[in-house]
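Chemist: Please find one structure pasted underneath; my questions will follow.
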Amino acid sequence: MEKIFTNTQTAFALKSDSELERAYFLFKMIESQPLVRIGTAVTNFALKAHLPVEGLIRSTVFDHFCGGVNENDCLSVVDKMYTKGVSSVLDYSVEGKEAEDQFEAAFAMTMKTIEFAKERDAIPFAVFKPTGLGRFALYQKIGENKELTASEQEEWNRVVERFDKLCKAAHDKDVAVLIDGEESWMQDAADAVVAQMMKKYNKEKAIVFNTLQMYRWDRLDYLKKLHEEAKAEGFYIGMKLVRGAYMEKENTRAEEKGYTSPICVSKQATDDNYDDAVTYMLNHIDIMAIFAGTHNEESSYKLMQQMKEKSIAANDSRIWFGQLYGMSDNISYNLAAHGYNVAKYLPFGPVRDVMPYLIRRAEENTSVAGQTSRELNLIKEEKKRRKL
């Protein structure tokens, strides 16, 4: 397969010299684990103490990894990326809420992003997190098959109703909706609701997409089981494939509670699991649609190669590549330049509320072997190329 991800001119075409310098500075900081830990603690303290740091956060890490503080704020970024063929997924990245009014607000915002997506070719997907619509502990209790109180049952009914309204709106407006994966001990309940939505709204094609976190060794079996249901009941499967974002938390909890960790034994096992899931879905592309969420160049090349071998067009609407805004531009923009379907997750929300997301991104970059140094090397190459 032709190695296309080294083309830094294409990767950073939209970045000005000053934006390139900011990216270099940020990834240089993120490269240091102690700095990330200290920076996280200081930022959390400053926000809790209501110190005036939001402007500083906004002009550095926020603007690099986020589209804006609200959906309208994102539109200039959306339009700019689309000039290079890269689409956007508006992601309302407010996390860790617990109250009904907050769930209603997240529901309303997601509904609004479905409207946005309907009006703009540049926004092909909407997205939401299960815990944006209901309490984490409630999902966990249902996943553990514990009996709900009457008030909890009413609460759960409201959660399912929010799912249903969003998926129905997506179906009626012909906008695909990605539902993110979260921690394993709440995921069973979320999976059950998403499967219910697929059976209801994926009758003609994949509109509702679940997420498989392939650092979990059980996810390929789950996909195969769902495939049997899809064949028997006549619905399409939409699936976003990612490696996963909660590894340390998953392993720590498993150790503390004395159960087998759901995480693969090694990075290689995770990579193999991810690639096997991609292959399985491509082999059944007649009733499946893939959103390959990856920053891994090798996995991206493998998917491209298999598409070529199966004579699947680069722009086949059933296959999308996805990366996060502010990361792996060498993959996103070079794929788009070669005609593939590519979408960047574009997080947005008030600076204060989006901080948990940003902190996770920083921690993820320090823990993924080679990710930050790869970003830095590419930026260095581009700076050198521009000087010449």
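Each chain in the structure tokens gets a letter, A, B, ..., in the order shown, and its residues are numbered from 1; ligands are numbered from 1 in order too.
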Could you tell me, as an MDAnalysis selection string, which residues of segment 133-323 of chain A DSSP assigns to helix (DSSP H, G or I) when given the backbone?
Modeler: chainID A and resid 133 136:143 150:173 184:201 219:233 247:257 267:283 297:309
Chemist: For segment 84-158 of chain A against segment 328-339 of chain A, with a cut-off of 9 Å and counting only C-alpha atoms, what is the closest atom pair and its distance in Å to one decimal for every residue that makes the cut, ordered by chain and number, as CSV?
Modeler:
```
residue,atom,partner,partner_atom,distance
A:Lys84,CA,A:Tyr333,CA,7.0
A:Gly85,CA,A:Ala336,CA,5.4
A:Val86,CA,A:Ala336,CA,6.0
```
Chemist: Generate the output file for the selected residues, N, CA and C atoms, as an mmCIF file, in the first residue's frame.
Modeler:
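Output (out.cif):
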```cif
data_model
loop_
_atom_site.group_PDB
_atom_site.id
_atom_site.type_symbol
_atom_site.label_atom_id
_atom_site.label_comp_id
_atom_site.auth_asym_id
_atom_site.auth_seq_id
_atom_site.Cartn_x
_atom_site.Cartn_y
_atom_site.Cartn_z
ATOM 1 N N LYS A 84 -11.046 20.889 2.474
ATOM 2 C CA LYS A 84 -10.065 19.836 2.171
ATOM 3 C C LYS A 84 -10.706 18.447 2.180
ATOM 4 N N GLY A 85 -12.037 18.410 2.187
ATOM 5 C CA GLY A 85 -12.734 17.127 2.104
ATOM 6 C C GLY A 85 -12.893 16.394 3.427
ATOM 7 N N VAL A 86 -12.553 17.058 4.536
ATOM 8 C CA VAL A 86 -12.681 16.427 5.857
ATOM 9 C C VAL A 86 -13.970 16.903 6.516
#
```
Chemist: List every residue of segment 296-346 of chain A that has an atom at most 10 Å from any atom of segment 271-286 of chain A, giving for each one its closest atom pair and the distance in Å to one decimal, counting only C-alpha atoms, sorted by chain and then by ascending residue number, as JSON lines.
Modeler:
```
{"residue": "A:Asn296", "atom": "CA", "partner": "A:Asp271", "partner_atom": "CA", "distance": 9.0}
{"residue": "A:Glu298", "atom": "CA", "partner": "A:Asp271", "partner_atom": "CA", "distance": 9.3}
{"residue": "A:Ser299", "atom": "CA", "partner": "A:Asp275", "partner_atom": "CA", "distance": 6.4}
{"residue": "A:Ser300", "atom": "CA", "partner": "A:Asp275", "partner_atom": "CA", "distance": 9.3}
{"residue": "A:Lys302", "atom": "CA", "partner": "A:Asp275", "partner_atom": "CA", "distance": 7.8}
{"residue": "A:Leu303", "atom": "CA", "partner": "A:Val278", "partner_atom": "CA", "distance": 7.2}
{"residue": "A:Gln306", "atom": "CA", "partner": "A:Thr279", "partner_atom": "CA", "distance": 7.8}
{"residue": "A:Met307", "atom": "CA", "partner": "A:Leu282", "partner_atom": "CA", "distance": 7.9}
{"residue": "A:Lys310", "atom": "CA", "partner": "A:Leu282", "partner_atom": "CA", "distance": 8.7}
{"residue": "A:Ile312", "atom": "CA", "partner": "A:Leu282", "partner_atom": "CA", "distance": 9.5}
{"residue": "A:Arg318", "atom": "CA", "partner": "A:Ile285", "partner_atom": "CA", "distance": 7.6}
{"residue": "A:Ile319", "atom": "CA", "partner": "A:Ile285", "partner_atom": "CA", "distance": 8.9}
```
Chemist: Write to file, as a PDB file, in the first residue's frame, the residues of the selection just made, with N, CA and C atoms.
Modeler:
```
ATOM      1  N   ASN A 296      -4.204   5.043  14.368  1.00  0.00           N
ATOM      2  CA  ASN A 296      -3.155   4.082  14.072  1.00  0.00           C
ATOM      3  C   ASN A 296      -2.964   3.978  12.554  1.00  0.00           C
ATOM      4  N   GLU A 298      -1.069   1.977  10.770  1.00  0.00           N
ATOM      5  CA  GLU A 298      -1.042   0.610  10.240  1.00  0.00           C
ATOM      6  C   GLU A 298      -2.454   0.075  10.026  1.00  0.00           C
ATOM      7  N   SER A 299      -3.333   0.321  11.008  1.00  0.00           N
ATOM      8  CA  SER A 299      -4.724  -0.138  10.875  1.00  0.00           C
ATOM      9  C   SER A 299      -5.422   0.563   9.718  1.00  0.00           C
ATOM     10  N   SER A 300      -5.101   1.837   9.532  1.00  0.00           N
ATOM     11  CA  SER A 300      -5.698   2.597   8.427  1.00  0.00           C
ATOM     12  C   SER A 300      -5.248   2.026   7.083  1.00  0.00           C
ATOM     13  N   LYS A 302      -4.254  -1.011   6.517  1.00  0.00           N
ATOM     14  CA  LYS A 302      -4.859  -2.343   6.348  1.00  0.00           C
ATOM     15  C   LYS A 302      -6.289  -2.239   5.826  1.00  0.00           C
ATOM     16  N   LEU A 303      -7.042  -1.284   6.370  1.00  0.00           N
ATOM     17  CA  LEU A 303      -8.418  -1.092   5.900  1.00  0.00           C
ATOM     18  C   LEU A 303      -8.422  -0.640   4.440  1.00  0.00           C
ATOM     19  N   GLN A 306      -7.604  -3.648   2.211  1.00  0.00           N
ATOM     20  CA  GLN A 306      -8.718  -4.596   2.077  1.00  0.00           C
ATOM     21  C   GLN A 306      -9.834  -4.037   1.196  1.00  0.00           C
ATOM     22  N   MET A 307     -10.068  -2.740   1.304  1.00  0.00           N
ATOM     23  CA  MET A 307     -11.070  -2.111   0.429  1.00  0.00           C
ATOM     24  C   MET A 307     -10.656  -2.285  -1.035  1.00  0.00           C
ATOM     25  N   LYS A 310     -11.103  -5.867  -2.231  1.00  0.00           N
ATOM     26  CA  LYS A 310     -12.514  -6.214  -2.415  1.00  0.00           C
ATOM     27  C   LYS A 310     -13.212  -5.309  -3.440  1.00  0.00           C
ATOM     28  N   ILE A 312     -13.840  -2.197  -3.280  1.00  0.00           N
ATOM     29  CA  ILE A 312     -14.770  -1.259  -2.637  1.00  0.00           C
ATOM     30  C   ILE A 312     -14.243   0.154  -2.885  1.00  0.00           C
ATOM     31  N   ARG A 318     -20.641   3.321   3.152  1.00  0.00           N
ATOM     32  CA  ARG A 318     -20.716   2.434   4.313  1.00  0.00           C
ATOM     33  C   ARG A 318     -19.427   2.402   5.123  1.00  0.00           C
ATOM     34  N   ILE A 319     -18.387   3.090   4.619  1.00  0.00           N
ATOM     35  CA  ILE A 319     -17.082   3.035   5.302  1.00  0.00           C
ATOM     36  C   ILE A 319     -16.536   4.444   5.524  1.00  0.00           C
TER      37      ILE A 319
END
```
Chemist: Among segment 182-360 of chain A, which ones does DSSP assign to strand (DSSP E) (computed from the backbone)? Answer as number ranges by chain.
Modeler: A: 208-213, 237-242, 288-293, 319-324, 342-348
Chemist: Please, could you write that set of residues out with N, CA and C atoms as a short mmCIF file (atom, residue, chain, number, x, y, z; two decimals), in the first residue's frame?
Modeler:
```
data_model
loop_
_atom_site.label_atom_id
_atom_site.label_comp_id
_atom_site.auth_asym_id
_atom_site.auth_seq_id
_atom_site.Cartn_x
_atom_site.Cartn_y
_atom_site.Cartn_z
N VAL A 208 -28.28 4.08 13.14
CA VAL A 208 -27.80 4.05 14.53
C VAL A 208 -26.52 3.22 14.59
N PHE A 209 -25.45 3.83 15.12
CA PHE A 209 -24.15 3.17 15.27
C PHE A 209 -23.82 3.03 16.76
N ASN A 210 -23.47 1.83 17.17
CA ASN A 210 -22.92 1.63 18.51
C ASN A 210 -21.40 1.78 18.41
N THR A 211 -20.71 1.66 19.55
CA THR A 211 -19.24 1.72 19.55
C THR A 211 -18.68 0.47 20.20
N LEU A 212 -17.71 -0.15 19.52
CA LEU A 212 -16.98 -1.28 20.10
C LEU A 212 -15.58 -0.81 20.47
N GLN A 213 -15.23 -0.96 21.74
CA GLN A 213 -13.89 -0.61 22.21
C GLN A 213 -13.05 -1.89 22.16
N ILE A 237 -26.34 -3.27 10.81
CA ILE A 237 -25.47 -2.94 11.95
C ILE A 237 -24.58 -1.76 11.57
N GLY A 238 -24.63 -0.72 12.38
CA GLY A 238 -23.68 0.39 12.27
C GLY A 238 -22.75 0.30 13.47
N MET A 239 -21.44 0.35 13.24
CA MET A 239 -20.51 0.21 14.36
C MET A 239 -19.30 1.12 14.19
N LYS A 240 -19.05 1.89 15.25
CA LYS A 240 -17.80 2.64 15.32
C LYS A 240 -16.80 1.75 16.04
N LEU A 241 -15.65 1.53 15.42
CA LEU A 241 -14.60 0.72 16.03
C LEU A 241 -13.50 1.63 16.55
N VAL A 242 -13.19 1.51 17.82
CA VAL A 242 -12.08 2.27 18.42
C VAL A 242 -11.25 1.30 19.27
N MET A 288 -23.55 -4.25 7.06
CA MET A 288 -22.83 -3.50 8.09
C MET A 288 -22.28 -2.19 7.53
N ALA A 289 -22.08 -1.23 8.42
CA ALA A 289 -21.42 0.03 8.06
C ALA A 289 -20.39 0.32 9.14
N ILE A 290 -19.20 0.73 8.71
CA ILE A 290 -18.06 0.90 9.62
C ILE A 290 -17.67 2.37 9.76
N PHE A 291 -17.49 2.81 11.01
CA PHE A 291 -16.81 4.07 11.28
C PHE A 291 -15.53 3.68 11.99
N ALA A 292 -14.42 3.68 11.26
CA ALA A 292 -13.14 3.22 11.80
C ALA A 292 -12.45 4.38 12.52
N GLY A 293 -12.68 4.44 13.82
CA GLY A 293 -12.10 5.53 14.62
C GLY A 293 -10.71 5.14 15.09
N ILE A 319 -18.39 3.09 4.62
CA ILE A 319 -17.08 3.03 5.30
C ILE A 319 -16.54 4.44 5.52
N TRP A 320 -16.32 4.77 6.80
CA TRP A 320 -15.76 6.07 7.18
C TRP A 320 -14.53 5.86 8.06
N PHE A 321 -13.57 6.75 7.89
CA PHE A 321 -12.42 6.83 8.80
C PHE A 321 -12.68 8.03 9.73
N GLY A 322 -12.28 7.90 10.99
CA GLY A 322 -12.49 9.02 11.91
C GLY A 322 -11.31 9.25 12.83
N GLN A 323 -10.99 10.52 13.06
CA GLN A 323 -9.97 10.91 14.04
C GLN A 323 -10.51 12.07 14.88
N LEU A 324 -9.80 12.37 15.95
CA LEU A 324 -10.18 13.48 16.81
C LEU A 324 -9.58 14.78 16.28
N VAL A 342 -13.80 10.79 5.42
CA VAL A 342 -13.11 11.07 6.69
C VAL A 342 -13.92 12.09 7.48
N ALA A 343 -14.03 11.84 8.79
CA ALA A 343 -14.70 12.81 9.67
C ALA A 343 -13.89 12.99 10.94
N LYS A 344 -13.73 14.23 11.34
CA LYS A 344 -13.07 14.55 12.60
C LYS A 344 -14.14 14.76 13.68
N TYR A 345 -13.94 14.15 14.84
CA TYR A 345 -14.76 14.47 16.01
C TYR A 345 -14.40 15.88 16.45
N LEU A 346 -15.38 16.76 16.49
CA LEU A 346 -15.14 18.17 16.83
C LEU A 346 -15.85 18.50 18.14
N PRO A 347 -15.14 18.37 19.27
CA PRO A 347 -15.78 18.62 20.57
C PRO A 347 -16.10 20.11 20.75
N PHE A 348 -17.18 20.38 21.47
CA PHE A 348 -17.51 21.76 21.81
C PHE A 348 -18.26 21.79 23.14
#
```
Chemist: Excluding Lys384 of chain A and its own-chain neighbours fewer than 5 positions away, which residues fall within 12 Å of it when counting only C-alpha atoms? Please give them as a list in words.
Modeler: Thr8, Gln9, Asp17, Leu20, Asn377, Leu378 and Ile379 of chain A
Chemist: Residues as selected, C-alpha atoms, written as an mmCIF file, in the first residue's frame, can you do that?
Modeler:
```cif
data_model
loop_
_atom_site.group_PDB
_atom_site.id
_atom_site.type_symbol
_atom_site.label_atom_id
_atom_site.label_comp_id
_atom_site.auth_asym_id
_atom_site.auth_seq_id
_atom_site.Cartn_x
_atom_site.Cartn_y
_atom_site.Cartn_z
ATOM 1 C CA THR A 8 3.001 16.995 5.906
ATOM 2 C CA GLN A 9 2.145 19.647 3.305
ATOM 3 C CA ASP A 17 2.713 29.147 11.086
ATOM 4 C CA LEU A 20 1.761 25.053 13.905
ATOM 5 C CA ASN A 377 8.059 14.670 14.361
ATOM 6 C CA LEU A 378 5.452 15.495 11.728
ATOM 7 C CA ILE A 379 5.185 19.101 12.947
#
```
Chemist: Segment 84-107 of chain A near segment 125-135 of chain A within 8 Å: what's each residue's closest atom pair and its distance in Å to one decimal, counting only C-alpha atoms, ordered by chain then ascending residue number, as a tab-separated table?
Modeler:
```
residue	atom	partner	partner_atom	distance
A:Ser88	CA	A:Phe125	CA	7.7
A:Val89	CA	A:Phe125	CA	5.5
A:Leu90	CA	A:Ala126	CA	6.5
A:Asp91	CA	A:Val127	CA	6.0
A:Tyr92	CA	A:Phe128	CA	7.3
A:Val94	CA	A:Gly132	CA	7.7
A:Glu95	CA	A:Gly132	CA	6.8
A:Gly96	CA	A:Thr131	CA	7.5
A:Lys97	CA	A:Gly132	CA	7.1
A:Glu98	CA	A:Arg135	CA	5.6
A:Ala99	CA	A:Arg135	CA	7.8
A:Glu100	CA	A:Gly134	CA	7.7
A:Phe103	CA	A:Leu133	CA	4.8
A:Glu104	CA	A:Leu133	CA	7.2
A:Ala106	CA	A:Gly132	CA	6.0
A:Phe107	CA	A:Leu133	CA	6.4
```
Chemist: Calculated over only C-alpha atoms, which of the candidates A:Lys165, A:Glu297, A:Met111, A:Thr260 has the smallest distance to Gly370 of chain A?
Modeler: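 Answer, going by the shortest atom-to-atom distance: A:Glu297.
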Chemist: Do you have the atom CA of Gln196 of chain A-atom CA of Ser317 of chain A distance handy?
Modeler: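 We find that atom CA of Gln196 of chain A and atom CA of Ser317 of chain A lie 23.4 Å from each other.
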Chemist: One number please: atom CA of Ala206 of chain A to atom CA of Val194 of chain A, in Å, one decimal.
Modeler: 12.2 Å
Chemist: Just checking: using only C-alpha atoms, which residue out of A:Ser151, A:Thr270, A:Ala23, A:Tyr82 ends up closest to Leu220 of chain A?
Modeler: A:Thr270
Chemist: Quick one: residues within 9 Å of Gln187 of chain A, only C-alpha atoms, excluding same-chain residues fewer than 3 positions away - as a list of chain:residue names?
Modeler: A:Pro130, A:Tyr139, A:Gln140, A:Gly143, A:Gly181, A:Glu182, A:Glu183, A:Ser184, A:Ala190, A:Asp191, A:Ala192
Chemist: For a quick check of understanding, using only C-alpha atoms, which of A:Val77, A:Ile30, A:Ile38, A:Leu223 has the smallest distance to Tyr325 of chain A?
Modeler: A:Val77
Chemist: Can you list, as a PyMOL selection string, every protein, DNA or RNA residue that comes within 12 Å of Lys225 of chain A when you count only C-alpha atoms, leaving out same-chain residues fewer than 6 positions away?
Modeler: chain A and resi 195+218-219+231-232+237
Chemist: Please produce a file of those selected residues containing C-alpha atoms, as a tab-separated table (two decimals), in the first residue's frame.
Modeler:
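File part-v6.tsv, as written:
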```
chain	number	residue	atom	x	y	z
A	195	ALA	CA	-29.37	-2.77	19.87
A	218	ASP	CA	-14.95	-9.81	24.35
A	219	ARG	CA	-16.08	-7.28	21.75
A	231	LYS	CA	-29.61	-11.72	10.00
A	232	ALA	CA	-32.50	-13.30	11.89
A	237	ILE	CA	-25.47	-2.94	11.95
```
Chemist: I'd like the contact shell of Glu250 of chain A - 10 Å cut-off, only C-alpha atoms, skipping same-chain residues fewer than 3 positions apart - returned as a count of residues only.
Modeler: 13
Chemist: Suppose you want the space between atom CA of Lys199 of chain A and atom CA of Pro124 of chain A; what is it in Å?
Modeler: 21.3 Å
